[in-house]
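Enquirer: File start-v7.txt follows (compact mmCIF, C-alpha atoms and all ligand atoms):
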```txt
# COMPACT_ATOMS: atom_id res chain seq x y z
CA MET A 29 -5.76 -68.44 24.12
CA ARG A 30 -4.22 -68.22 27.61
CA MET A 31 -4.35 -65.06 29.73
CA ILE A 32 -0.75 -65.54 30.84
CA ASP A 33 0.37 -65.19 27.20
CA VAL A 34 -1.62 -61.93 26.83
CA ILE A 35 0.05 -60.57 29.99
CA ASP A 36 3.46 -61.71 28.74
CA HIS A 37 2.90 -60.02 25.37
CA LYS A 38 2.12 -56.64 26.96
CA ARG A 39 4.67 -56.96 29.77
CA ASN A 40 7.40 -57.33 27.11
CA GLY A 41 6.23 -54.22 25.28
CA GLY A 42 4.24 -55.88 22.48
CA GLU A 43 1.11 -54.53 20.79
CA LEU A 44 -1.99 -56.51 21.77
CA THR A 45 -4.06 -57.86 18.90
CA ASP A 46 -7.82 -57.32 18.56
CA GLU A 47 -8.31 -60.99 19.44
CA GLU A 48 -6.24 -60.68 22.61
CA ILE A 49 -8.17 -57.57 23.70
CA GLN A 50 -11.50 -59.29 22.96
CA PHE A 51 -10.38 -62.35 24.95
CA PHE A 52 -9.44 -60.10 27.89
CA VAL A 53 -12.70 -58.08 27.90
CA ASP A 54 -14.85 -61.24 27.50
CA GLY A 55 -13.00 -62.88 30.40
CA VAL A 56 -13.49 -59.79 32.60
CA VAL A 57 -17.24 -59.74 31.96
CA ASN A 58 -17.96 -63.47 32.24
CA GLY A 59 -15.66 -63.94 35.22
CA THR A 60 -13.32 -66.50 33.62
CA ILE A 61 -10.19 -64.39 34.20
CA PRO A 62 -9.26 -64.08 37.89
CA ASP A 63 -8.74 -60.63 39.41
CA TYR A 64 -4.99 -61.23 39.83
CA GLN A 65 -4.50 -61.77 36.09
CA ILE A 66 -6.71 -58.78 35.18
CA SER A 67 -4.65 -56.67 37.59
CA ALA A 68 -1.37 -57.98 36.17
CA LEU A 69 -2.40 -56.93 32.66
CA LEU A 70 -3.54 -53.51 33.93
CA MET A 71 -0.11 -52.98 35.53
CA ALA A 72 1.62 -54.10 32.31
CA ILE A 73 -0.52 -51.57 30.36
CA TYR A 74 0.31 -48.91 32.97
CA PHE A 75 4.07 -49.35 32.36
CA GLN A 76 4.12 -50.25 28.65
CA ASN A 77 1.25 -47.99 27.51
CA MET A 78 -0.91 -48.78 24.47
CA THR A 79 -0.81 -47.70 20.85
CA LYS A 80 -3.65 -45.66 19.33
CA GLU A 81 -4.99 -48.84 17.74
CA GLU A 82 -4.94 -50.78 21.02
CA ARG A 83 -6.73 -47.92 22.86
CA ALA A 84 -9.42 -47.77 20.19
CA SER A 85 -9.86 -51.54 20.25
CA LEU A 86 -10.08 -51.68 24.09
CA THR A 87 -12.65 -48.83 24.05
CA ILE A 88 -14.88 -50.51 21.47
CA LYS A 89 -14.73 -53.90 23.17
CA MET A 90 -15.56 -52.37 26.56
CA MET A 91 -18.41 -50.39 24.99
CA GLU A 92 -19.73 -53.59 23.32
CA SER A 93 -19.62 -55.42 26.67
CA GLY A 94 -22.95 -53.77 27.64
CA GLU A 95 -25.95 -51.78 26.48
CA HIS A 96 -25.87 -49.07 23.86
CA LEU A 97 -28.41 -46.25 24.14
CA ASP A 98 -30.25 -45.46 20.92
CA LEU A 99 -31.07 -41.74 20.88
CA SER A 100 -31.96 -41.62 17.19
CA GLU A 101 -35.58 -40.77 18.06
CA ILE A 102 -34.39 -37.36 19.33
CA PRO A 103 -34.19 -34.97 16.37
CA GLY A 104 -31.04 -32.87 15.87
CA ILE A 105 -27.39 -33.31 16.75
CA LYS A 106 -27.18 -34.47 20.36
CA VAL A 107 -24.24 -32.89 22.18
CA ASP A 108 -22.82 -33.91 25.55
CA LYS A 109 -19.87 -32.72 27.62
CA HIS A 110 -17.51 -34.70 29.82
CA SER A 111 -15.14 -33.36 32.44
CA THR A 112 -12.25 -35.32 33.93
CA GLY A 113 -13.35 -33.86 37.27
CA GLY A 114 -12.24 -31.34 39.80
CA VAL A 115 -13.08 -29.20 42.82
CA GLY A 116 -16.00 -26.77 42.58
CA ASP A 117 -16.63 -28.09 39.05
CA LYS A 118 -20.36 -27.54 38.69
CA VAL A 119 -20.03 -26.62 35.00
CA SER A 120 -22.39 -29.33 33.69
CA LEU A 121 -25.39 -27.76 35.45
CA PRO A 122 -25.44 -24.27 33.90
CA LEU A 123 -23.81 -25.54 30.69
CA ALA A 124 -26.57 -28.04 29.89
CA ALA A 125 -29.13 -25.26 30.41
CA VAL A 126 -27.48 -22.60 28.21
CA VAL A 127 -26.83 -25.04 25.37
CA ALA A 128 -30.36 -26.51 25.56
CA ALA A 129 -31.74 -22.96 25.45
CA VAL A 130 -30.33 -22.46 21.93
CA GLY A 131 -32.21 -25.57 20.82
CA ILE A 132 -29.49 -28.23 21.02
CA PRO A 133 -30.56 -31.52 22.65
CA VAL A 134 -28.28 -32.25 25.64
CA PRO A 135 -28.61 -35.84 26.89
CA MET A 136 -26.17 -35.78 29.80
CA ILE A 137 -25.15 -38.92 31.66
CA SER A 138 -23.17 -37.90 34.72
CA GLY A 139 -21.38 -39.47 37.66
CA ARG A 140 -20.93 -39.23 41.41
CA GLY A 141 -18.03 -37.75 43.31
CA LEU A 142 -15.25 -39.65 45.01
CA GLY A 143 -12.37 -38.36 47.13
CA HIS A 144 -11.60 -34.69 46.56
CA THR A 145 -13.74 -34.39 43.42
CA GLY A 146 -17.46 -33.66 43.41
CA GLY A 147 -20.08 -35.32 41.20
CA THR A 148 -22.89 -33.70 39.23
CA LEU A 149 -25.45 -36.28 40.39
CA ASP A 150 -24.68 -35.63 44.06
CA LYS A 151 -25.17 -31.89 43.53
CA LEU A 152 -28.52 -32.41 41.82
CA GLU A 153 -29.68 -34.64 44.66
CA ALA A 154 -29.34 -31.64 47.00
CA ILE A 155 -32.54 -30.41 45.31
CA PRO A 156 -35.47 -32.04 47.16
CA GLY A 157 -37.13 -34.70 45.01
CA TYR A 158 -34.69 -34.65 42.05
CA GLN A 159 -34.51 -38.14 40.51
CA ILE A 160 -31.29 -39.10 38.78
CA GLU A 161 -32.55 -42.57 37.90
CA ILE A 162 -35.14 -42.44 35.14
CA SER A 163 -35.96 -44.99 32.46
CA GLU A 164 -34.38 -44.82 29.03
CA LYS A 165 -37.82 -44.08 27.56
CA ASP A 166 -38.41 -41.14 29.93
CA PHE A 167 -34.87 -39.87 29.34
CA ILE A 168 -35.45 -39.78 25.59
CA SER A 169 -38.85 -38.12 25.85
CA GLN A 170 -37.53 -35.51 28.31
CA VAL A 171 -34.65 -34.58 25.97
CA LYS A 172 -37.17 -34.37 23.10
CA ASP A 173 -39.57 -32.14 25.08
CA GLU A 174 -37.28 -30.05 27.28
CA LYS A 175 -34.00 -30.35 25.32
CA LEU A 176 -32.04 -31.49 28.39
CA ALA A 177 -31.78 -34.17 31.03
CA ILE A 178 -29.02 -34.99 33.50
CA ILE A 179 -29.19 -38.54 34.81
CA GLY A 180 -27.05 -41.40 36.14
CA ALA A 181 -26.02 -44.25 33.82
CA THR A 182 -29.04 -46.32 32.86
CA GLY A 183 -28.96 -50.12 32.72
CA ASP A 184 -25.78 -51.89 31.98
CA ILE A 185 -23.40 -49.45 30.30
CA ALA A 186 -19.85 -50.82 29.77
CA PRO A 187 -19.86 -53.51 32.53
CA ALA A 188 -16.25 -54.40 31.64
CA ASP A 189 -15.24 -50.87 32.67
CA LYS A 190 -17.01 -51.22 36.03
CA LYS A 191 -14.98 -54.30 36.91
CA ILE A 192 -11.71 -52.94 35.51
CA TYR A 193 -12.18 -49.55 37.24
CA SER A 194 -12.73 -51.20 40.64
CA LEU A 195 -9.47 -53.15 40.22
CA ARG A 196 -7.58 -50.05 39.01
CA ASP A 197 -8.72 -48.26 42.13
CA VAL A 198 -7.05 -50.80 44.44
CA THR A 199 -3.97 -51.59 42.31
CA ASP A 200 -2.78 -48.00 41.77
CA THR A 201 -3.35 -48.15 38.02
CA VAL A 202 -5.95 -45.35 37.75
CA ASP A 203 -3.72 -42.68 36.24
CA SER A 204 -2.81 -44.48 33.02
CA ILE A 205 -3.71 -42.41 29.95
CA ALA A 206 -4.65 -45.52 27.93
CA LEU A 207 -6.89 -46.83 30.71
CA ILE A 208 -8.55 -43.47 31.51
CA ALA A 209 -9.21 -42.73 27.83
CA SER A 210 -10.75 -46.12 27.08
CA SER A 211 -12.80 -46.03 30.30
CA ILE A 212 -14.30 -42.59 29.62
CA MET A 213 -14.90 -43.10 25.91
CA SER A 214 -16.42 -46.60 26.19
CA LYS A 215 -19.18 -45.09 28.37
CA LYS A 216 -19.62 -41.97 26.25
CA ILE A 217 -19.91 -43.95 23.00
CA ALA A 218 -22.41 -46.31 24.67
CA SER A 219 -24.47 -43.32 25.81
CA GLY A 220 -25.39 -42.61 22.19
CA THR A 221 -24.43 -38.93 21.88
CA ASP A 222 -23.51 -37.61 18.41
CA ALA A 223 -20.99 -35.05 19.61
CA LEU A 224 -18.87 -34.54 22.68
CA VAL A 225 -16.85 -31.70 24.18
CA ILE A 226 -14.33 -32.90 26.75
CA ASP A 227 -12.99 -30.67 29.51
CA VAL A 228 -9.63 -32.12 30.55
CA LYS A 229 -8.50 -30.58 33.81
CA THR A 230 -4.88 -29.85 34.59
CA GLY A 231 -3.23 -28.97 37.90
CA SER A 232 -3.23 -29.96 41.55
CA GLY A 233 -6.92 -30.88 41.70
CA ALA A 234 -6.86 -32.93 38.47
CA PHE A 235 -5.94 -36.52 37.56
CA MET A 236 -3.28 -35.10 35.28
CA LYS A 237 -1.04 -32.68 37.14
CA THR A 238 1.03 -31.44 34.18
CA LEU A 239 0.05 -29.78 30.91
CA GLU A 240 2.02 -32.42 29.00
CA ASP A 241 0.06 -35.35 30.51
CA SER A 242 -3.25 -33.48 30.16
CA THR A 243 -2.50 -32.83 26.49
CA GLU A 244 -1.71 -36.51 25.89
CA LEU A 245 -4.96 -37.53 27.60
CA ALA A 246 -6.99 -34.96 25.63
CA GLU A 247 -5.47 -36.15 22.34
CA ALA A 248 -6.15 -39.80 23.23
CA LEU A 249 -9.81 -39.01 24.04
CA VAL A 250 -10.38 -37.03 20.84
CA ASP A 251 -8.62 -39.68 18.70
CA ILE A 252 -10.86 -42.41 20.05
CA GLY A 253 -14.03 -40.33 19.60
CA LYS A 254 -13.19 -39.34 16.04
CA GLY A 255 -12.18 -42.93 15.30
CA VAL A 256 -15.78 -44.05 15.89
CA GLY A 257 -17.28 -41.15 13.92
CA MET A 258 -18.24 -38.99 16.90
CA LYS A 259 -17.82 -35.22 16.53
CA CYS A 260 -15.37 -34.57 19.27
CA MET A 261 -13.02 -31.91 20.66
CA ALA A 262 -11.30 -31.21 23.96
CA LEU A 263 -10.01 -28.28 25.88
CA ILE A 264 -7.58 -28.20 28.75
CA SER A 265 -8.64 -26.01 31.66
CA ASP A 266 -7.14 -25.01 34.98
CA MET A 267 -7.68 -27.01 38.15
CA ASN A 268 -4.92 -25.55 40.33
CA GLN A 269 -7.50 -23.69 42.39
CA PRO A 270 -11.20 -24.55 42.87
CA LEU A 271 -13.53 -23.47 40.07
CA GLY A 272 -15.96 -20.67 40.92
CA ASN A 273 -16.42 -19.62 44.55
CA LYS A 274 -18.52 -22.40 46.06
CA ILE A 275 -17.66 -26.01 46.88
CA GLY A 276 -20.29 -28.37 48.30
CA ASN A 277 -23.46 -29.88 46.89
CA ALA A 278 -26.25 -27.39 47.75
CA LEU A 279 -23.76 -24.50 47.52
CA GLU A 280 -22.84 -25.49 43.96
CA ILE A 281 -26.51 -25.63 42.95
CA GLU A 282 -26.86 -22.07 44.30
CA GLU A 283 -23.85 -20.89 42.29
CA SER A 284 -25.14 -22.59 39.12
CA ILE A 285 -28.54 -20.90 39.44
CA ASP A 286 -26.81 -17.58 40.21
CA LEU A 287 -24.86 -17.98 36.95
CA LEU A 288 -28.09 -18.54 35.03
CA LYS A 289 -29.43 -15.34 36.63
CA GLY A 290 -26.40 -13.45 35.27
CA LYS A 291 -24.57 -13.41 38.62
CA GLY A 292 -21.90 -16.10 38.14
CA PRO A 293 -18.24 -15.76 39.11
CA LYS A 294 -15.98 -14.79 36.21
CA ASP A 295 -13.86 -17.96 35.93
CA LEU A 296 -16.94 -20.20 35.95
CA VAL A 297 -18.79 -18.01 33.43
CA ASP A 298 -15.75 -18.00 31.11
CA LEU A 299 -15.46 -21.78 31.18
CA VAL A 300 -19.21 -22.38 30.72
CA LEU A 301 -19.34 -19.98 27.76
CA THR A 302 -16.23 -21.47 26.14
CA LEU A 303 -17.32 -25.10 26.49
CA GLY A 304 -20.85 -24.10 25.50
CA SER A 305 -19.68 -22.28 22.38
CA TYR A 306 -17.86 -25.39 21.19
CA MET A 307 -20.99 -27.45 21.89
CA VAL A 308 -23.02 -24.99 19.79
CA LEU A 309 -20.47 -25.29 16.97
CA LEU A 310 -20.56 -29.11 17.11
CA GLY A 311 -24.37 -28.90 17.22
CA GLU A 312 -24.21 -26.77 14.04
CA LYS A 313 -26.32 -23.91 15.41
CA ALA A 314 -23.60 -21.29 14.75
CA LYS A 315 -20.78 -20.83 12.26
CA THR A 316 -18.22 -19.06 14.42
CA PHE A 317 -17.14 -19.20 18.04
CA ASP A 318 -18.12 -15.55 18.61
CA GLU A 319 -21.58 -16.07 17.16
CA ALA A 320 -22.06 -19.13 19.39
CA LYS A 321 -20.90 -17.23 22.47
CA GLN A 322 -23.30 -14.36 21.80
CA MET A 323 -26.18 -16.82 21.45
CA LEU A 324 -25.34 -18.30 24.84
CA GLU A 325 -24.97 -14.91 26.52
CA LYS A 326 -28.42 -14.03 25.24
CA THR A 327 -29.93 -17.15 26.87
CA ILE A 328 -28.64 -15.90 30.22
CA ALA A 329 -29.76 -12.31 29.66
CA ASP A 330 -33.31 -13.23 28.54
CA GLY A 331 -33.87 -15.93 31.19
CA SER A 332 -34.34 -18.77 28.70
CA ALA A 333 -31.42 -20.80 30.11
CA LEU A 334 -32.82 -20.45 33.64
CA ASP A 335 -36.17 -21.56 32.27
CA ARG A 336 -34.53 -24.73 30.79
CA PHE A 337 -32.90 -25.52 34.14
CA LYS A 338 -36.22 -25.11 35.94
CA ALA A 339 -37.97 -27.32 33.36
CA MET A 340 -35.37 -30.06 33.88
CA ILE A 341 -35.77 -29.95 37.66
CA LYS A 342 -39.55 -30.21 37.33
CA ALA A 343 -39.41 -33.02 34.75
CA GLN A 344 -37.14 -35.05 37.03
CA GLY A 345 -39.37 -34.68 40.09
CA GLY A 346 -37.38 -31.92 41.79
CA ASP A 347 -38.83 -28.96 43.66
CA GLU A 348 -38.46 -26.12 41.18
CA ARG A 349 -39.02 -23.50 43.89
CA VAL A 350 -35.27 -23.88 44.47
CA ILE A 351 -34.78 -21.37 41.63
CA GLU A 352 -36.13 -18.61 43.89
CA ASP A 353 -35.48 -20.06 47.32
CA TYR A 354 -32.15 -21.80 47.99
CA THR A 355 -33.16 -22.51 51.59
CA ILE A 356 -35.39 -25.38 50.51
CA MET A 357 -32.11 -27.31 50.15
CA PRO A 358 -30.34 -28.57 53.29
CA GLN A 359 -28.71 -25.68 55.19
CA ALA A 360 -25.62 -25.84 57.40
CA LYS A 361 -25.97 -25.00 61.12
CA TYR A 362 -22.69 -23.12 61.39
CA LYS A 363 -20.96 -20.52 59.22
CA ILE A 364 -17.33 -20.12 60.23
CA GLU A 365 -15.14 -17.38 58.77
CA LEU A 366 -11.43 -17.96 58.06
CA PRO A 367 -9.64 -14.60 58.33
CA ALA A 368 -6.35 -13.94 56.51
CA LYS A 369 -3.43 -14.04 58.93
CA GLU A 370 -1.50 -11.44 56.95
CA ALA A 371 -2.01 -8.87 54.20
CA GLY A 372 -0.87 -9.51 50.62
CA VAL A 373 -2.03 -11.21 47.45
CA VAL A 374 -3.45 -14.75 47.38
CA ALA A 375 -0.83 -16.86 45.57
CA LYS A 376 -2.09 -20.41 46.08
CA ILE A 377 -5.35 -22.23 46.95
CA THR A 378 -4.46 -25.89 46.41
CA ALA A 379 -7.53 -27.37 44.74
CA ASP A 380 -7.24 -31.01 45.81
CA GLU A 381 -6.65 -30.20 49.49
CA ILE A 382 -9.58 -27.75 49.59
CA GLY A 383 -11.67 -30.52 48.00
CA ILE A 384 -10.51 -32.88 50.76
CA ALA A 385 -11.48 -30.28 53.39
CA SER A 386 -15.00 -30.14 51.90
CA MET A 387 -15.11 -33.95 51.84
CA LEU A 388 -14.07 -34.09 55.53
CA LEU A 389 -16.90 -31.69 56.42
CA GLY A 390 -19.20 -34.39 55.01
CA GLY A 391 -19.71 -32.96 51.51
CA GLY A 392 -17.84 -35.78 49.73
CA ARG A 393 -17.10 -39.48 50.01
CA GLN A 394 -13.95 -41.20 51.19
CA LYS A 395 -15.41 -44.50 49.97
CA ALA A 396 -18.26 -45.18 47.57
CA SER A 397 -20.71 -46.21 50.34
CA ASP A 398 -20.34 -42.97 52.41
CA LYS A 399 -23.48 -40.84 52.90
CA LEU A 400 -23.31 -37.16 51.98
CA ASP A 401 -24.22 -34.02 53.88
CA TYR A 402 -25.59 -31.78 51.11
CA ALA A 403 -25.51 -28.63 53.24
CA VAL A 404 -21.81 -28.37 54.03
CA GLY A 405 -18.94 -26.90 52.03
CA ILE A 406 -16.69 -23.93 51.54
CA GLU A 407 -17.20 -20.51 49.99
CA LEU A 408 -14.11 -18.71 48.71
CA HIS A 409 -14.10 -14.93 49.07
CA LYS A 410 -10.67 -14.59 47.46
CA LYS A 411 -9.09 -16.32 44.49
CA ILE A 412 -5.50 -16.42 43.27
CA GLY A 413 -4.37 -12.91 42.35
CA ASP A 414 -6.81 -11.13 44.73
CA ALA A 415 -5.46 -8.69 47.32
CA VAL A 416 -6.40 -9.37 50.94
CA GLN A 417 -6.09 -7.43 54.20
CA ALA A 418 -5.03 -9.08 57.46
CA GLY A 419 -8.21 -10.19 59.26
CA GLU A 420 -10.35 -10.09 56.10
CA SER A 421 -12.29 -13.32 55.47
CA LEU A 422 -10.64 -15.66 52.96
CA MET A 423 -13.39 -18.25 53.10
CA THR A 424 -16.57 -19.23 54.89
CA ILE A 425 -16.86 -22.82 56.07
CA TYR A 426 -20.43 -24.18 56.09
CA ALA A 427 -20.48 -26.94 58.72
CA ASN A 428 -22.85 -29.04 60.72
CA GLN A 429 -20.34 -29.34 63.55
CA PRO A 430 -19.35 -26.47 65.83
CA GLU A 431 -16.03 -24.70 65.21
CA ALA A 432 -14.22 -26.54 68.03
CA GLU A 433 -14.78 -29.86 66.24
CA ILE A 434 -13.35 -28.80 62.89
CA GLU A 435 -10.02 -27.31 63.99
CA SER A 436 -8.08 -29.90 61.94
CA ILE A 437 -10.09 -28.98 58.82
CA LYS A 438 -9.37 -25.28 59.39
CA ASP A 439 -5.65 -26.12 59.74
CA LEU A 440 -5.75 -28.12 56.51
CA ILE A 441 -7.25 -25.14 54.67
CA TYR A 442 -4.77 -22.64 56.11
CA GLN A 443 -1.87 -24.94 55.12
CA ASN A 444 -3.12 -24.86 51.56
CA VAL A 445 -3.60 -21.13 51.10
CA GLU A 446 -0.55 -19.02 50.46
CA ILE A 447 -0.38 -15.23 50.65
CA ALA A 448 2.55 -13.54 48.93
CA GLU A 449 3.60 -10.05 47.90
CA THR A 450 2.45 -10.51 44.33
CA ALA A 451 0.69 -13.20 42.29
CA THR A 452 -1.39 -13.32 39.14
CA ALA A 453 -4.53 -15.29 38.43
CA PRO A 454 -3.83 -18.50 36.45
CA LYS A 455 -5.07 -18.87 32.89
CA MET A 456 -8.48 -20.57 32.70
CA ILE A 457 -8.00 -22.31 29.36
CA TYR A 458 -4.60 -23.61 28.29
CA LYS A 459 -5.26 -25.41 25.02
CA ILE A 460 -7.88 -26.47 22.53
CA ILE A 461 -7.55 -29.90 20.93
CA ASP A 462 -9.65 -30.19 17.84
N1 LIG B 501 -13.41 -41.27 34.74
C1 LIG B 501 -13.71 -42.46 34.20
O1 LIG B 501 -14.86 -42.72 33.85
N2 LIG B 501 -12.73 -43.37 34.06
C2 LIG B 501 -11.45 -43.14 34.42
O2 LIG B 501 -10.62 -44.00 34.26
C3 LIG B 501 -11.15 -41.89 34.99
C4 LIG B 501 -12.16 -40.96 35.12
```
Hey, can you dump this file as structure tokens for me?
Ligand code: URA

Expert:
Amino acid sequence: MRMIDVIDHKRNGGELTDEEIQFFVDGVVNGTIPDYQISALLMAIYFQNMTKEERASLTIKMMESGEHLDLSEIPGIKVDKHSTGGVGDKVSLPLAAVVAAVGIPVPMISGRGLGHTGGTLDKLEAIPGYQIEISEKDFISQVKDEKLAIIGATGDIAPADKKIYSLRDVTDTVDSIALIASSIMSKKIASGTDALVIDVKTGSGAFMKTLEDSTELAEALVDIGKGVGMKCMALISDMNQPLGNKIGNALEIEESIDLLKGKGPKDLVDLVLTLGSYMVLLGEKAKTFDEAKQMLEKTIADGSALDRFKAMIKAQGGDERVIEDYTIMPQAKYKIELPAKEAGVVAKITADEIGIASMLLGGGRQKASDKLDYAVGIELHKKIGDAVQAGESLMTIYANQPEAEIESIKDLIYQNVEIAETATAPKMIYKIID
């Protein structure tokens, strides 16, 4: 088989065969296909798309290109959650704890942030001592004992995806539904979970800006999961404004612990309880959504979810005193208020640009090798639909540079907040795909 014929087949709108996809994935992993031919095929897929069968085949072959975690030693239905990523999206942290507290094993393999989006692993590393790299053996025994673990990918999961993703990044082929779906699901299938709830974000801070594209991505993800026998569902949630009130690594740990103490912001609590209820249903610990939701609310009220979070921190080497004392995490030197320039109702807080502002403060990465400042970030005092008086603080910036050095970041934030006469809060959840 010749790679040029595979490219030609897809470029002309054909459906790739299993053999062609296997040839491509093998060549990516063993280095026999040059980057320019891999990139050419990725661009052809970007424009010509893939059928359901091609997406499933690409996913399986990428998954088979590396290790497959065997979690069968952990009793019960293992349930994980994946989010397509956003700004202020710290959902995984409290979610893993509430679901684990009802007795469902949650083996969570998470990622790092890039660009305007944050990453769960970066947030956890704001806790002194927390180890995201643990052995497969320790991961399994922690999920057995404590019911939850949040770690980075172990070993060699889906190496074909690593290579393909790095080329997508530099050839402007990231936002292809076929390529995103196969990338995400190859890693999730390899991670050995039995069930998966996927949070597909939609809006300015998301990969998919429209509800139509988000729906297509959610359907593609669920199709692939179900195709391999995984219990799988997706929901589409809002990412037009940041989620919750805090953006930044240590700040998002604070907000997650606050939620587990019963003091979380409404939009974040709603999303955690909705995703969590579906995880409980997939984990077969409840028969109805309402029953599942009540079980989760109880874990917050009786402190058992907070106890699970603390146990996870301790098991992974972190300083569990963080539960009571947030100041053991890095703290910013400066707190700078951003007052509203006029009175009215907040109509827009563009999620991706606020994420970029947090990144520019040092809380995120422009490129994978950048070092993070865990202390910095942004706290929102107003969300879309909230009334504000002129001079009232819209946000607090947590910075390690004095105000005079962050004027351009302040400008960026002001340009991305709109105050109007009226506005209503956006819906949190747009659709369920089951
Ligand atoms: N996350 C992934 O793992 N892959 C993609 O392609 C996009 C988001």

Enquirer: Neighbouring residues of region 449-458 of chain A were defined as those with any atom within 8 Å, considering all atoms listed in the file; residues of the same chain fewer than 4 positions away were excluded. Please report them as a PyMOL selection string.

Expert: chain A and resi 263-266+295+298-299+372-375+411-414

Enquirer: As an exercise, work out the distance from CA of Thr199 (chain A) to CA of Gly113 (chain A) in Å and give it to one decimal place.

Expert: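 For CA of Thr199 (chain A) relative to CA of Gly113 (chain A), the distance reads 20.7 Å.
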
Enquirer: Between A:Ser305, A:Ser211, A:Thr316, A:Ser332, which one has atoms that come closest to ligand LIG 501 (chain B), using all atoms listed in the file?

Expert: A:Ser211

Enquirer: Residues contacting ligand LIG 501 (chain B) - anything with an atom at most 8 Å away, using all atoms listed in the file - can you give me those as a list of chain:residue names?

Expert: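 What falls inside 8 Å of ligand LIG 501 (chain B) is A:Thr112, A:Gly113, A:Tyr193, A:Val202, A:Asp203, A:Ser204, A:Leu207, A:Ile208, A:Ala209, A:Ser210, A:Ser211, A:Ile212, A:Met213, A:Lys215, A:Phe235.
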
Enquirer: With distances taken over only C-alpha atoms, which residue among A:Phe52, A:Tyr74, A:Tyr306, A:Phe337 lies nearest Leu288 (chain A)?

Expert: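 Among A:Phe52, A:Tyr74, A:Tyr306, A:Phe337, it is A:Phe337 that comes nearest to Leu288 (chain A).
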
Enquirer: Within 6 Å of (-23.0, -23.4, 58.3) in the file's own coordinates, which protein, DNA or RNA residues have an atom, counting only C-alpha atoms? List them as a PyMOL selection string.

Expert: chain A and resi 360-363+426-427

Enquirer: Name the closest residue to Gly253 (chain A) among the candidates A:Leu422, A:Ile178, A:Ala223, A:Met307; distances are taken between atoms, counting all atoms listed in the file.

Expert: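 The closest residue to Gly253 (chain A) is A:Ala223.
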
Enquirer: Report, in Å to a single decimal, how far apart CA of Gly59 (chain A) and CA of Glu92 (chain A) are.

Expert: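 CA of Glu92 (chain A) sits 16.3 Å away from CA of Gly59 (chain A).
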
Enquirer: What does the distance from CA of Gly345 (chain A) to CA of Lys118 (chain A) come to in Å, to one decimal?

Expert: 20.4 Å

Enquirer: Can you tell me which residues surround Ile160 (chain A) at a distance of at most 9 Å, considering all atoms listed in the file, apart from same-chain residues fewer than 4 positions away, and format the answer as an MDAnalysis selection string?

Expert: chainID A and resid 149 152:153 178:181 344

Enquirer: Taking the structure in the block just given, could you write region 282-293 of chain A with N, CA and C atoms, as a PDB file, in the first residue's frame?

Expert:
```pdb
ATOM      1  N   GLU A 282      -9.833  26.278  45.470  1.00  0.00           N
ATOM      2  CA  GLU A 282     -10.645  26.900  46.536  1.00  0.00           C
ATOM      3  C   GLU A 282     -12.139  26.751  46.233  1.00  0.00           C
ATOM      4  N   GLU A 283     -12.513  27.084  44.983  1.00  0.00           N
ATOM      5  CA  GLU A 283     -13.940  27.043  44.636  1.00  0.00           C
ATOM      6  C   GLU A 283     -14.485  25.610  44.666  1.00  0.00           C
ATOM      7  N   SER A 284     -13.639  24.654  44.298  1.00  0.00           N
ATOM      8  CA  SER A 284     -14.074  23.245  44.326  1.00  0.00           C
ATOM      9  C   SER A 284     -14.312  22.790  45.764  1.00  0.00           C
ATOM     10  N   ILE A 285     -13.390  23.180  46.663  1.00  0.00           N
ATOM     11  CA  ILE A 285     -13.553  22.778  48.074  1.00  0.00           C
ATOM     12  C   ILE A 285     -14.769  23.506  48.660  1.00  0.00           C
ATOM     13  N   ASP A 286     -14.931  24.781  48.294  1.00  0.00           N
ATOM     14  CA  ASP A 286     -16.127  25.522  48.753  1.00  0.00           C
ATOM     15  C   ASP A 286     -17.397  24.774  48.349  1.00  0.00           C
ATOM     16  N   LEU A 287     -17.418  24.287  47.090  1.00  0.00           N
ATOM     17  CA  LEU A 287     -18.614  23.558  46.636  1.00  0.00           C
ATOM     18  C   LEU A 287     -18.864  22.337  47.521  1.00  0.00           C
ATOM     19  N   LEU A 288     -17.790  21.625  47.840  1.00  0.00           N
ATOM     20  CA  LEU A 288     -17.953  20.418  48.667  1.00  0.00           C
ATOM     21  C   LEU A 288     -18.358  20.758  50.100  1.00  0.00           C
ATOM     22  N   LYS A 289     -18.152  22.039  50.491  1.00  0.00           N
ATOM     23  CA  LYS A 289     -18.615  22.488  51.812  1.00  0.00           C
ATOM     24  C   LYS A 289     -20.018  23.078  51.724  1.00  0.00           C
ATOM     25  N   GLY A 290     -20.647  22.959  50.550  1.00  0.00           N
ATOM     26  CA  GLY A 290     -22.019  23.469  50.388  1.00  0.00           C
ATOM     27  C   GLY A 290     -22.072  24.942  50.023  1.00  0.00           C
ATOM     28  N   LYS A 291     -20.911  25.513  49.583  1.00  0.00           N
ATOM     29  CA  LYS A 291     -20.888  26.947  49.296  1.00  0.00           C
ATOM     30  C   LYS A 291     -20.480  27.233  47.847  1.00  0.00           C
ATOM     31  N   GLY A 292     -20.901  26.371  46.922  1.00  0.00           N
ATOM     32  CA  GLY A 292     -20.492  26.550  45.515  1.00  0.00           C
ATOM     33  C   GLY A 292     -21.404  27.502  44.772  1.00  0.00           C
ATOM     34  N   PRO A 293     -20.890  28.150  43.724  1.00  0.00           N
ATOM     35  CA  PRO A 293     -21.748  29.010  42.905  1.00  0.00           C
ATOM     36  C   PRO A 293     -22.776  28.181  42.132  1.00  0.00           C
TER      37      PRO A 293
END
```
